[in-house]
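Peer 1: This one is upload-v4.cif, mmCIF, C-alpha atoms.
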```
data_protein
loop_
_atom_site.label_atom_id
_atom_site.label_comp_id
_atom_site.auth_asym_id
_atom_site.auth_seq_id
_atom_site.Cartn_x
_atom_site.Cartn_y
_atom_site.Cartn_z
CA MET P 1 71.74 179.94 67.97
CA LYS P 2 70.19 178.89 71.24
CA LYS P 3 69.21 175.53 69.80
CA GLY P 4 72.75 174.92 68.59
CA ILE P 5 74.25 175.78 71.97
CA MET P 6 71.76 173.54 73.75
CA LYS P 7 72.61 170.69 71.40
CA LYS P 8 76.32 171.00 72.14
CA ILE P 9 75.67 171.14 75.87
CA PHE P 10 73.51 167.99 75.59
CA ILE P 11 76.21 166.12 73.66
CA PHE P 12 78.86 167.20 76.19
CA LEU P 13 76.76 165.99 79.09
CA ALA P 14 76.06 162.71 77.29
CA ILE P 15 79.78 162.14 76.80
CA ILE P 16 80.47 162.84 80.48
CA ALA P 17 77.66 160.49 81.53
CA PHE P 18 78.90 157.74 79.19
CA GLY P 19 82.44 158.12 80.51
CA PHE P 20 81.23 157.98 84.10
CA LEU P 21 79.25 154.82 83.45
CA GLY P 22 82.30 153.26 81.71
CA MET P 23 84.50 154.09 84.70
CA MET P 24 81.96 152.53 87.03
CA TYR P 25 81.87 149.34 84.94
CA LEU P 26 85.64 149.03 84.79
CA THR P 27 85.93 149.59 88.52
CA SER P 28 83.36 146.88 89.16
CA ALA P 29 85.16 144.43 86.80
CA ASP P 30 88.50 145.16 88.49
CA LYS P 31 87.01 144.38 91.92
CA THR P 32 85.56 141.15 90.57
CA SER P 33 88.95 140.22 89.10
CA ASN P 34 90.69 140.95 92.39
CA LYS P 35 88.21 138.79 94.24
CA ARG P 36 88.86 135.92 91.86
CA SER P 37 92.64 136.27 92.24
CA ASP P 38 92.29 135.99 95.99
CA VAL P 39 91.08 132.37 95.56
CA VAL P 40 94.02 130.00 96.32
CA GLU P 41 94.64 127.18 93.78
CA ILE P 42 95.32 123.74 95.32
CA ARG P 43 97.29 121.28 93.18
CA LYS P 44 96.14 117.68 93.34
CA VAL P 45 98.90 115.05 93.40
CA GLU P 46 99.42 111.34 93.88
CA THR P 47 101.47 110.21 96.86
CA GLN P 48 102.88 107.10 98.49
CA GLU P 49 104.06 106.58 102.04
CA ILE P 50 107.73 105.96 102.68
CA VAL P 51 108.13 102.76 104.70
CA TYR P 52 111.49 101.51 106.01
CA ASP P 53 112.20 97.81 106.33
CA ASP P 54 114.96 95.21 105.97
CA LEU P 55 115.79 94.27 102.39
CA VAL P 56 117.96 91.61 100.74
CA LEU P 57 119.40 93.07 97.55
CA SER P 58 119.23 91.21 94.27
CA VAL P 59 121.95 91.94 91.74
CA LYS P 60 120.98 91.25 88.13
CA GLY P 61 123.36 89.90 85.51
CA ASN P 62 123.60 87.74 82.42
CA GLY P 63 125.99 85.40 80.70
CA VAL P 64 126.44 82.32 78.52
CA VAL P 65 126.14 78.80 79.93
CA LYS P 66 129.28 76.70 79.63
CA SER P 67 130.16 73.19 80.70
CA LYS P 68 132.07 73.04 83.95
CA GLN P 69 134.05 70.10 82.55
CA SER P 70 135.01 69.87 78.89
CA LEU P 71 137.88 67.66 77.72
CA ASP P 72 139.54 67.31 74.32
CA ILE P 73 140.69 63.68 74.11
CA ILE P 74 143.94 63.18 72.18
CA SER P 75 145.21 59.71 71.21
CA GLU P 76 148.41 58.62 72.97
CA ALA P 77 148.47 55.29 71.13
CA THR P 78 148.59 54.07 67.54
CA GLY P 79 146.53 51.32 65.97
CA LYS P 80 143.22 50.12 64.56
CA VAL P 81 139.96 50.97 66.34
CA LEU P 82 138.44 47.74 67.66
CA TYR P 83 135.50 49.32 69.50
CA ALA P 84 133.84 52.76 69.39
CA LYS P 85 130.45 53.12 71.05
CA ASN P 86 127.87 54.32 68.54
CA ASN P 87 130.81 55.14 66.23
CA LEU P 88 131.42 58.13 68.54
CA LYS P 89 128.61 60.14 67.00
CA ASN P 90 127.84 63.60 68.34
CA GLY P 91 125.50 63.56 71.33
CA THR P 92 126.40 60.03 72.45
CA PHE P 93 126.12 59.82 76.25
CA PHE P 94 128.65 58.06 78.48
CA LYS P 95 128.60 57.32 82.18
CA GLU P 96 131.68 57.75 84.32
CA GLY P 97 133.98 54.74 83.91
CA GLU P 98 132.28 53.45 80.75
CA VAL P 99 134.56 52.37 77.88
CA ILE P 100 134.41 54.85 75.02
CA LEU P 101 137.10 53.53 72.67
CA LYS P 102 139.39 50.50 72.31
CA ILE P 103 142.50 50.44 70.13
CA ASP P 104 144.23 47.25 68.99
CA SER P 105 146.75 46.51 71.76
CA ARG P 106 147.90 42.94 70.98
CA GLU P 107 151.47 43.92 70.22
CA VAL P 108 151.72 46.00 73.39
CA GLU P 109 150.22 43.16 75.46
CA ASN P 110 152.74 40.66 74.06
CA ASN P 111 155.61 42.96 74.93
CA LEU P 112 154.18 43.42 78.40
CA PHE P 113 153.98 39.68 79.00
CA SER P 114 157.59 39.34 77.88
CA PHE P 115 158.73 42.11 80.22
CA ARG P 116 156.79 40.63 83.15
CA SER P 117 158.31 37.21 82.53
CA ASP P 118 161.80 38.65 82.43
CA PHE P 119 161.16 40.60 85.62
CA MET P 120 159.84 37.52 87.42
CA ASN P 121 162.97 35.57 86.39
CA SER P 122 165.22 38.27 87.85
CA VAL P 123 163.38 38.18 91.18
CA ALA P 124 163.44 34.36 91.27
CA SER P 125 167.17 34.19 90.49
CA MET P 126 168.17 36.16 93.59
CA LEU P 127 165.99 34.25 96.08
CA PRO P 128 168.49 31.36 96.78
CA GLU P 129 171.32 33.79 97.47
CA ILE P 130 169.21 35.93 99.81
CA LYS P 131 168.00 32.81 101.64
CA ASN P 132 171.55 31.91 102.68
CA GLU P 133 172.18 35.37 104.12
CA SER P 134 168.94 36.57 105.70
CA ILE P 135 165.78 34.60 106.39
CA GLU P 136 163.85 37.82 106.99
CA GLN P 137 164.79 39.29 103.60
CA TYR P 138 164.15 35.96 101.93
CA GLU P 139 160.61 35.76 103.34
CA LYS P 140 159.92 39.31 102.21
CA TRP P 141 161.02 38.70 98.61
CA TYR P 142 159.51 35.21 98.45
CA LYS P 143 156.16 36.62 99.52
CA TYR P 144 156.49 39.34 96.84
CA PHE P 145 157.39 36.75 94.19
CA ASN P 146 154.19 34.83 94.96
CA THR P 147 152.12 37.96 94.24
CA LEU P 148 153.49 38.25 90.71
CA ASP P 149 151.26 37.03 87.89
CA ILE P 150 152.01 37.44 84.20
CA ASN P 151 148.33 38.26 83.59
CA LYS P 152 147.96 40.81 86.41
CA LYS P 153 149.26 44.29 87.10
CA THR P 154 152.67 44.15 88.75
CA ALA P 155 152.71 44.99 92.45
CA GLU P 156 154.95 47.71 93.85
CA LEU P 157 158.46 46.62 94.88
CA PRO P 158 159.02 45.92 98.58
CA PRO P 159 161.21 48.47 100.40
CA THR P 160 164.96 47.74 100.65
CA THR P 161 166.92 49.32 103.49
CA ASP P 162 169.95 47.08 103.84
CA THR P 163 172.94 48.00 101.64
CA ARG P 164 173.85 44.39 100.78
CA GLU P 165 170.24 43.75 99.84
CA LYS P 166 170.21 46.76 97.50
CA ILE P 167 173.39 45.50 95.83
CA LYS P 168 171.84 42.10 95.14
CA VAL P 169 168.60 43.65 93.80
CA SER P 170 170.50 46.06 91.56
CA SER P 171 172.94 43.42 90.26
CA ARG P 172 170.00 41.29 89.06
CA ASN P 173 168.54 44.34 87.16
CA VAL P 174 165.36 44.04 89.18
CA TYR P 175 164.84 47.81 89.28
CA SER P 176 165.32 48.43 85.56
CA LYS P 177 163.12 45.49 84.56
CA TYR P 178 160.43 46.56 87.05
CA TYR P 179 160.18 50.03 85.46
CA LEU P 180 160.15 48.53 81.96
CA VAL P 181 157.05 46.61 83.05
CA GLN P 182 155.54 49.76 84.55
CA ASN P 183 156.01 51.77 81.36
CA GLN P 184 154.51 48.98 79.25
CA GLU P 185 151.48 48.80 81.55
CA ILE P 186 150.99 52.56 81.15
CA LEU P 187 151.23 52.23 77.36
CA LEU P 188 148.69 49.40 77.39
CA ALA P 189 146.23 51.50 79.40
CA LYS P 190 146.35 54.18 76.67
CA HIS P 191 144.75 51.72 74.22
CA LYS P 192 141.47 51.85 76.16
CA ILE P 193 139.75 55.19 76.83
CA THR P 194 137.08 55.42 79.55
CA ALA P 195 134.84 58.34 80.51
CA PRO P 196 136.26 60.34 83.47
CA PHE P 197 132.77 61.76 84.17
CA ASP P 198 129.20 61.60 82.87
CA GLY P 199 129.16 63.44 79.57
CA TYR P 200 128.31 63.76 75.90
CA LEU P 201 130.52 63.45 72.84
CA SER P 202 131.11 66.30 70.46
CA ASN P 203 133.32 66.92 67.38
CA SER P 204 133.83 63.27 66.59
CA GLU P 205 132.28 60.40 64.54
CA LEU P 206 135.14 57.87 64.52
CA ILE P 207 134.02 54.50 63.17
CA GLU P 208 135.32 51.04 64.05
CA ASN P 209 138.22 49.56 62.04
CA SER P 210 139.55 53.01 61.25
CA TYR P 211 143.21 53.70 61.99
CA ILE P 212 144.37 56.36 64.42
CA SER P 213 147.82 57.65 65.23
CA ARG P 214 149.43 59.18 68.28
CA GLY P 215 148.59 62.88 68.72
CA GLN P 216 145.31 62.66 66.77
CA LYS P 217 142.32 64.44 68.30
CA LEU P 218 139.60 61.84 68.85
CA PHE P 219 136.63 63.72 70.37
CA THR P 220 135.48 66.26 72.95
CA LEU P 221 133.73 65.06 76.08
CA ILE P 222 131.31 67.62 77.54
CA ASP P 223 129.61 67.51 80.93
CA ALA P 224 126.14 68.92 80.15
CA LYS P 225 124.81 68.58 83.71
CA ASN P 226 127.45 70.41 85.75
CA LEU P 227 127.51 73.92 84.33
CA GLU P 228 129.02 77.34 84.92
CA ILE P 229 128.34 80.94 83.92
CA ALA P 230 130.76 83.87 83.97
CA ILE P 231 128.80 86.96 85.09
CA PRO P 232 130.45 90.37 84.47
CA LEU P 233 129.69 92.75 87.35
CA LEU P 234 130.45 96.43 87.87
CA VAL P 235 132.51 97.37 90.91
CA ASP P 236 129.45 98.94 92.59
CA GLU P 237 127.54 95.68 92.08
CA VAL P 238 130.40 93.60 93.47
CA ASN P 239 130.33 95.69 96.65
CA LEU P 240 126.67 94.72 97.16
CA ILE P 241 127.48 90.98 97.33
CA ASN P 242 128.92 89.01 100.24
CA PHE P 243 131.15 86.46 98.51
CA ASN P 244 132.19 84.82 101.79
CA ASN P 245 128.86 82.96 102.02
CA SER P 246 128.74 81.53 98.45
CA PRO P 247 125.74 83.69 97.42
CA LEU P 248 122.64 81.93 96.12
CA VAL P 249 121.87 82.57 92.45
CA LYS P 250 118.73 82.01 90.37
CA ILE P 251 119.35 81.28 86.68
CA TYR P 252 116.37 82.25 84.52
CA SER P 253 115.50 80.95 81.08
CA GLN P 254 115.69 83.71 78.49
CA LYS P 255 112.55 82.44 76.77
CA ASP P 256 110.41 81.76 79.85
CA LYS P 257 111.20 83.72 83.02
CA SER P 258 108.99 81.36 85.06
CA LYS P 259 111.62 78.65 84.60
CA TYR P 260 114.77 78.85 86.67
CA LEU P 261 117.48 76.76 88.29
CA GLN P 262 119.41 77.51 91.44
CA GLY P 263 123.16 77.77 91.77
CA ARG P 264 125.86 79.46 93.77
CA ILE P 265 128.85 81.69 93.16
CA ASN P 266 131.95 79.61 93.84
CA ARG P 267 134.65 82.08 92.87
CA ARG P 268 135.39 85.45 91.29
CA ASP P 269 138.23 87.22 89.51
CA ILE P 270 140.59 89.35 91.56
CA SER P 271 141.43 91.79 88.75
CA LEU P 272 139.35 94.29 86.82
CA ASP P 273 138.87 93.89 83.07
CA GLN P 274 140.37 97.08 81.62
CA ASN P 275 138.13 97.05 78.54
CA THR P 276 134.76 96.55 80.24
CA GLN P 277 135.65 97.73 83.78
CA THR P 278 133.92 94.66 85.19
CA ILE P 279 134.83 91.73 87.42
CA ASN P 280 133.69 88.20 86.53
CA ALA P 281 131.82 86.16 89.12
CA TYR P 282 131.44 82.45 88.30
CA VAL P 283 128.14 80.72 89.00
CA SER P 284 128.03 76.92 89.29
CA PHE P 285 124.77 75.01 88.92
CA ARG P 286 123.43 71.61 87.89
CA ASN P 287 121.00 70.85 85.07
CA SER P 288 120.17 67.30 86.14
CA LYS P 289 117.12 67.01 83.84
CA LEU P 290 119.01 68.38 80.83
CA SER P 291 116.46 71.12 80.21
CA SER P 292 117.07 72.61 76.76
CA ASP P 293 116.78 76.14 78.20
CA PHE P 294 119.98 75.68 80.22
CA LEU P 295 122.22 73.58 77.97
CA PRO P 296 125.73 74.91 77.17
CA GLY P 297 125.56 77.83 74.75
CA ASN P 298 122.31 79.30 76.12
CA TYR P 299 122.22 82.99 77.03
CA VAL P 300 120.58 83.37 80.46
CA GLU P 301 119.79 85.99 83.06
CA VAL P 302 120.65 85.60 86.73
CA GLY P 303 119.59 87.13 90.03
CA ILE P 304 122.27 87.10 92.73
CA SER P 305 121.33 87.36 96.41
CA GLY P 306 123.14 90.42 97.72
CA ARG P 307 123.76 91.89 101.13
CA LYS P 308 120.99 92.45 103.66
CA LEU P 309 120.21 96.11 104.31
CA SER P 310 118.39 97.37 107.41
CA ASN P 311 115.99 100.32 107.64
CA VAL P 312 115.84 101.14 103.94
CA ALA P 313 113.03 102.21 101.64
CA VAL P 314 112.43 101.51 97.96
CA ILE P 315 111.20 104.46 95.89
CA PRO P 316 110.85 105.07 92.14
CA ARG P 317 114.15 106.12 90.68
CA HIS P 318 112.74 108.87 88.45
CA LEU P 319 111.47 110.84 91.46
CA ILE P 320 115.01 111.70 92.57
CA ASP P 321 116.64 114.72 90.92
CA ASN P 322 120.32 115.22 90.16
CA GLU P 323 120.95 116.54 93.68
CA ASN P 324 119.24 113.54 95.36
CA ASN P 325 116.14 115.57 96.30
CA VAL P 326 112.52 114.40 96.33
CA PHE P 327 109.22 116.20 96.85
CA ILE P 328 107.03 115.28 99.79
CA MET P 329 103.72 116.61 101.14
CA GLU P 330 103.87 118.04 104.64
CA ASP P 331 100.80 119.70 106.21
CA GLY P 332 99.31 120.22 102.76
CA LYS P 333 102.41 122.02 101.50
CA LEU P 334 105.05 121.07 98.93
CA VAL P 335 108.41 120.38 100.61
CA ARG P 336 111.76 119.35 99.11
CA GLU P 337 113.84 116.81 101.07
CA LYS P 338 117.28 115.28 100.39
CA VAL P 339 117.57 111.49 100.50
CA ASP P 340 120.64 109.31 101.01
CA VAL P 341 120.75 106.87 98.06
CA ILE P 342 122.53 103.60 98.84
CA THR P 343 122.19 102.09 95.39
CA TYR P 344 119.97 101.87 92.33
CA GLN P 345 118.19 98.69 91.30
CA GLN P 346 116.87 99.01 87.74
CA ASN P 347 113.90 101.44 88.02
CA SER P 348 114.08 101.73 91.82
CA ALA P 349 116.33 103.50 94.27
CA ILE P 350 117.28 102.11 97.69
CA VAL P 351 117.48 104.94 100.26
CA SER P 352 118.52 104.93 103.90
CA LYS P 353 116.44 106.38 106.74
CA SER P 354 117.19 109.96 105.77
CA ILE P 355 113.64 111.35 105.93
CA ARG P 356 110.83 110.72 108.37
CA GLU P 357 109.00 107.40 108.05
CA ASN P 358 105.45 107.51 106.68
CA SER P 359 106.24 110.77 104.91
CA LYS P 360 104.08 111.18 101.83
CA LEU P 361 106.28 111.02 98.77
CA ILE P 362 104.81 112.86 95.77
CA THR P 363 104.77 110.54 92.75
CA THR P 364 103.14 113.03 90.36
CA ILE P 365 105.57 114.84 88.04
CA LEU P 366 104.99 118.53 88.82
CA GLN P 367 105.39 121.28 86.23
CA LYS P 368 107.11 124.35 87.72
CA PRO P 369 106.83 123.23 91.36
CA LEU P 370 106.92 126.00 93.98
CA ILE P 371 108.14 125.11 97.44
CA GLY P 372 105.37 125.83 99.94
CA MET P 373 102.57 125.68 97.40
CA ASP P 374 99.29 124.11 98.51
CA ILE P 375 98.79 120.52 97.43
CA GLU P 376 96.27 117.78 98.10
CA SER P 377 96.66 114.01 97.81
CA ILE P 378 94.13 112.25 95.59
CA ASN P 379 95.06 108.77 96.88
CA HIS P 380 92.29 106.77 98.52
CA PRO P 381 93.16 103.93 100.94
CA GLU P 382 90.68 101.55 99.40
CA LEU P 383 92.11 102.10 95.94
CA ILE P 384 95.64 101.50 97.20
CA GLU P 385 94.60 98.23 98.85
CA GLU P 386 92.85 97.11 95.67
CA LYS P 387 95.93 97.96 93.59
CA VAL P 388 98.21 95.99 95.91
CA ALA P 389 95.84 92.98 95.80
CA ASP P 390 95.74 93.06 92.01
CA SER P 391 99.51 93.23 91.71
CA GLY P 392 99.89 90.23 94.02
CA SER P 393 97.43 88.09 92.06
CA ASN P 394 99.23 88.75 88.76
CA GLU P 395 102.67 87.70 90.00
CA ASN P 396 104.29 85.03 87.85
CA THR P 397 104.78 81.64 89.48
CA THR P 398 108.31 80.31 89.25
CA SER P 399 109.30 76.70 89.39
CA GLU P 400 112.61 75.00 90.02
CA LEU P 401 113.53 72.46 87.38
CA ASN P 402 116.34 70.84 89.30
#
```
Can you dump the structure from the file as structure tokens?

Peer 2:
Amino acid sequence: MKKGIMKKIFIFLAIIAFGFLGMMYLTSADKTSNKRSDVVEIRKVETQEIVYDDLVLSVKGNGVVKSKQSLDIISEATGKVLYAKNNLKNGTFFKEGEVILKIDSREVENNLFSFRSDFMNSVASMLPEIKNESIEQYEKWYKYFNTLDINKKTAELPPTTDTREKIKVSSRNVYSKYYLVQNQEILLAKHKITAPFDGYLSNSELIENSYISRGQKLFTLIDAKNLEIAIPLLVDEVNLINFNNSPLVKIYSQKDKSKYLQGRINRRDISLDQNTQTINAYVSFRNSKLSSDFLPGNYVEVGISGRKLSNVAVIPRHLIDNENNVFIMEDGKLVREKVDVITYQQNSAIVSKSIRENSKLITTILQKPLIGMDIESINHPELIEEKVADSGSNENTTSELN
């Protein structure tokens, strides 16, 4: 019996001792855990300094190149084609004033000579009568008669102010015969077509000895050097451009962005397109070397010089939340600041001087950021300088083709 009681007492004491040791261990672990929780975690982030400076905005756009001058030539005469340069094949080039097409005009010329002869006879028939009445009028009309030549364009009639003189001129049908000559000269001129500007033929191929009639479309003359682009712009983009100074525009090749030509905006629409809610600005430029990247029909991108802004900073667009707030580092703490956004330019935002200059903008995307939490910048000045140098050396070199 005594041995049994002693055994139970021993087991009871062992349980108490084991429980006491367990409590001591748990208490020690809890103290260790509390010590660890007292250690403050510092988040490491990337930052960039906010620097304010003057900036000239560049508004991006695109459009299709079109000829500034494109004419559909319609025949105003009837007859056989006596001359057609290169049979008016597509792509034929003409200089301003060069003869493009000649139509048989012999019948018209014969009629013109007849009308001129009849007109000269009418003027000559009234000279003796005028001579007897007024030497001054006689000298005027005699001098005019000497200028007339059946093979030359008829000169303009001298002015008549005296009533008796007008009666004599009218009674000899001088006026009516003069305008018959004028109309015939106009008709004769329509038998020869010259280029009104330097250009290329399109939609043609009219061979010599073919017959054309009045009202027939002959060809299209396109100016491939003087070009224009209609650029659709949003209202916000229009407000960033000063149209009073004919803004400078760079027109970039779609295939090779290192190639560009320069032009200017010469006009814009004054009404908003209801379907696209845009306003067209028209860019004029010259492709003097006829580069294939800028011929009519090409789709190109443009950069328009916008207004000059003072004391603004450029920051990544994705760092601004829906309420125009950004995170900055101030005395090692996370701080939220509101910025005043002037406009967005692709992946960047242009902000006014709404926060202190040289503030460290946090560029790291933080998960569950807590205002006032401890943070540390991992940026190193030497790495920043090296990054800037590398970005400058890799910049594409542009060249002006014009």

Peer 1: Report as a Markdown table the residues of stretch 42-143 of chain P within 8 Å of stretch 297-315 of chain P, each with its shortest atom pair and distance in Å (one decimal), using all atoms listed in the file, ordered by chain and increasing residue number.

Peer 2:
```
| residue | atom | partner | partner_atom | distance |
| --- | --- | --- | --- | --- |
| P:Ile50 | CA | P:Ala313 | CA | 6.6 |
| P:Val51 | CA | P:Ala313 | CA | 5.8 |
| P:Tyr52 | CA | P:Ala313 | CA | 4.7 |
| P:Asp53 | CA | P:Asn311 | CA | 4.7 |
| P:Asp54 | CA | P:Ser310 | CA | 4.3 |
| P:Leu55 | CA | P:Leu309 | CA | 5.2 |
| P:Val56 | CA | P:Lys308 | CA | 4.3 |
| P:Leu57 | CA | P:Gly306 | CA | 4.6 |
| P:Ser58 | CA | P:Ser305 | CA | 4.9 |
| P:Val59 | CA | P:Ile304 | CA | 5.0 |
| P:Lys60 | CA | P:Gly303 | CA | 4.7 |
| P:Gly61 | CA | P:Val302 | CA | 5.2 |
| P:Asn62 | CA | P:Glu301 | CA | 4.2 |
| P:Gly63 | CA | P:Val300 | CA | 5.8 |
| P:Val64 | CA | P:Tyr299 | CA | 4.5 |
| P:Val65 | CA | P:Gly297 | CA | 5.3 |
| P:Lys66 | CA | P:Gly297 | CA | 6.2 |
```

Peer 1: How would the residues just picked look written out with C-alpha atoms as a short mmCIF file (atom, residue, chain, number, x, y, z; two decimals), in the frame of the given file?

Peer 2:
```cif
data_model
loop_
_atom_site.label_atom_id
_atom_site.label_comp_id
_atom_site.auth_asym_id
_atom_site.auth_seq_id
_atom_site.Cartn_x
_atom_site.Cartn_y
_atom_site.Cartn_z
CA ILE P 50 107.73 105.96 102.68
CA VAL P 51 108.13 102.76 104.70
CA TYR P 52 111.49 101.51 106.01
CA ASP P 53 112.20 97.81 106.33
CA ASP P 54 114.96 95.21 105.97
CA LEU P 55 115.79 94.27 102.39
CA VAL P 56 117.96 91.61 100.74
CA LEU P 57 119.40 93.07 97.55
CA SER P 58 119.23 91.21 94.27
CA VAL P 59 121.95 91.94 91.74
CA LYS P 60 120.98 91.25 88.13
CA GLY P 61 123.36 89.90 85.51
CA ASN P 62 123.60 87.74 82.42
CA GLY P 63 125.99 85.40 80.70
CA VAL P 64 126.44 82.32 78.52
CA VAL P 65 126.14 78.80 79.93
CA LYS P 66 129.28 76.70 79.63
#
```

Peer 1: Fewer than 3 positions away in the same chain doesn't count, so skip those; otherwise give me all residues within 12 Å of P:Ser246, counting all atoms listed in the file, as a PDB file with C-alpha atoms, keeping the file's coordinate frame.

Peer 2:
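Resulting contents of result02.pdb:
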```pdb
ATOM      1  CA  ILE P 241     127.480  90.980  97.330  1.00  0.00           C
ATOM      2  CA  ASN P 242     128.920  89.010 100.240  1.00  0.00           C
ATOM      3  CA  PHE P 243     131.150  86.460  98.510  1.00  0.00           C
ATOM      4  CA  VAL P 249     121.870  82.570  92.450  1.00  0.00           C
ATOM      5  CA  GLY P 263     123.160  77.770  91.770  1.00  0.00           C
ATOM      6  CA  ARG P 264     125.860  79.460  93.770  1.00  0.00           C
ATOM      7  CA  ILE P 265     128.850  81.690  93.160  1.00  0.00           C
ATOM      8  CA  ASN P 266     131.950  79.610  93.840  1.00  0.00           C
ATOM      9  CA  ARG P 267     134.650  82.080  92.870  1.00  0.00           C
ATOM     10  CA  ARG P 268     135.390  85.450  91.290  1.00  0.00           C
ATOM     11  CA  ALA P 281     131.820  86.160  89.120  1.00  0.00           C
ATOM     12  CA  TYR P 282     131.440  82.450  88.300  1.00  0.00           C
ATOM     13  CA  VAL P 283     128.140  80.720  89.000  1.00  0.00           C
ATOM     14  CA  SER P 284     128.030  76.920  89.290  1.00  0.00           C
ATOM     15  CA  ILE P 304     122.270  87.100  92.730  1.00  0.00           C
ATOM     16  CA  SER P 305     121.330  87.360  96.410  1.00  0.00           C
ATOM     17  CA  GLY P 306     123.140  90.420  97.720  1.00  0.00           C
ATOM     18  CA  ARG P 307     123.760  91.890 101.130  1.00  0.00           C
TER      19      ARG P 307
END
```

Peer 1: Report the distance between atom CA of P:Ile73 and atom CA of P:Gly215 in Å, rounded to one decimal place.

Peer 2: 9.6 Å

Peer 1: List the residues matched by the PyMOL selection byres ((chain P and resi 109-123) around 10) in the displayed structure as a VMD selection string, ordered by chain and then by residue number.

Peer 2: chain P and resid 104 to 108 124 to 127 141 to 142 144 to 146 148 to 154 169 171 to 185 187 to 188

Peer 1: Report, in Å to a single decimal, how far apart atom CA of P:Arg286 and atom CA of P:Val235 are.

Peer 2: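 If I compute the distance from atom CA of P:Val235 to atom CA of P:Arg286, I get 27.5 Å.
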
Peer 1: Using all atoms listed in the file, can you tell me which of P:Asp236, P:Glu323, P:Glu205, P:Asp162 comes closest to P:Lys217?

Peer 2: P:Glu205

Peer 1: Written as a ChimeraX atom specification, what is the full residue list that the PyMOL selection byres ((chain P and resi 260) around 12) yields on the file shown?

Peer 2: /P:249-259,261-263,285-287,291-294,300-303,397-402

Peer 1: Could the residues in this selection be written to a file with C-alpha atoms, as a JSON list (two decimals), in the frame of the given file?

Peer 2:
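In the end it all went to part23.json:
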```json
[["chain", "number", "residue", "atom", "x", "y", "z"],
["P", 249, "VAL", "CA", 121.87, 82.57, 92.45],
["P", 250, "LYS", "CA", 118.73, 82.01, 90.37],
["P", 251, "ILE", "CA", 119.35, 81.28, 86.68],
["P", 252, "TYR", "CA", 116.37, 82.25, 84.52],
["P", 253, "SER", "CA", 115.50, 80.95, 81.08],
["P", 254, "GLN", "CA", 115.69, 83.71, 78.49],
["P", 255, "LYS", "CA", 112.55, 82.44, 76.77],
["P", 256, "ASP", "CA", 110.41, 81.76, 79.85],
["P", 257, "LYS", "CA", 111.20, 83.72, 83.02],
["P", 258, "SER", "CA", 108.99, 81.36, 85.06],
["P", 259, "LYS", "CA", 111.62, 78.65, 84.60],
["P", 261, "LEU", "CA", 117.48, 76.76, 88.29],
["P", 262, "GLN", "CA", 119.41, 77.51, 91.44],
["P", 263, "GLY", "CA", 123.16, 77.77, 91.77],
["P", 285, "PHE", "CA", 124.77, 75.01, 88.92],
["P", 286, "ARG", "CA", 123.43, 71.61, 87.89],
["P", 287, "ASN", "CA", 121.00, 70.85, 85.07],
["P", 291, "SER", "CA", 116.46, 71.12, 80.21],
["P", 292, "SER", "CA", 117.07, 72.61, 76.76],
["P", 293, "ASP", "CA", 116.78, 76.14, 78.20],
["P", 294, "PHE", "CA", 119.98, 75.68, 80.22],
["P", 300, "VAL", "CA", 120.58, 83.37, 80.46],
["P", 301, "GLU", "CA", 119.79, 85.99, 83.06],
["P", 302, "VAL", "CA", 120.65, 85.60, 86.73],
["P", 303, "GLY", "CA", 119.59, 87.13, 90.03],
["P", 397, "THR", "CA", 104.78, 81.64, 89.48],
["P", 398, "THR", "CA", 108.31, 80.31, 89.25],
["P", 399, "SER", "CA", 109.30, 76.70, 89.39],
["P", 400, "GLU", "CA", 112.61, 75.00, 90.02],
["P", 401, "LEU", "CA", 113.53, 72.46, 87.38],
["P", 402, "ASN", "CA", 116.34, 70.84, 89.30]]
```

Peer 1: For the provided coordinates, the residues matched by the PyMOL selection byres ((chain P and resi 372) around 10) should be stated as a PyMOL selection string.

Peer 2: chain P and resi 329-336+369-371+373-375

Peer 1: Using only C-alpha atoms, which residues sit within 7 Å of P:Lys68 once same-chain residues fewer than 2 positions away are excluded, as a count of residues only?

Peer 2: 6

Peer 1: Please work out which residues fall within 8 Å of (152.8, 57.5, 70.6), coordinates as given in the file, with all atoms listed in the file counting, and return them as a list of chain:residue names.

Peer 2: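 Within the cut-off we find P:Ser75, P:Glu76, P:Ala77, P:Thr78, P:Ser213, P:Arg214, P:Gly215.
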
Peer 1: For atom CA of P:Ser354 and atom CA of P:Asp321, quote the distance in Å rounded to one decimal.

Peer 2: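 Interatomic distance here is 15.6 Å.
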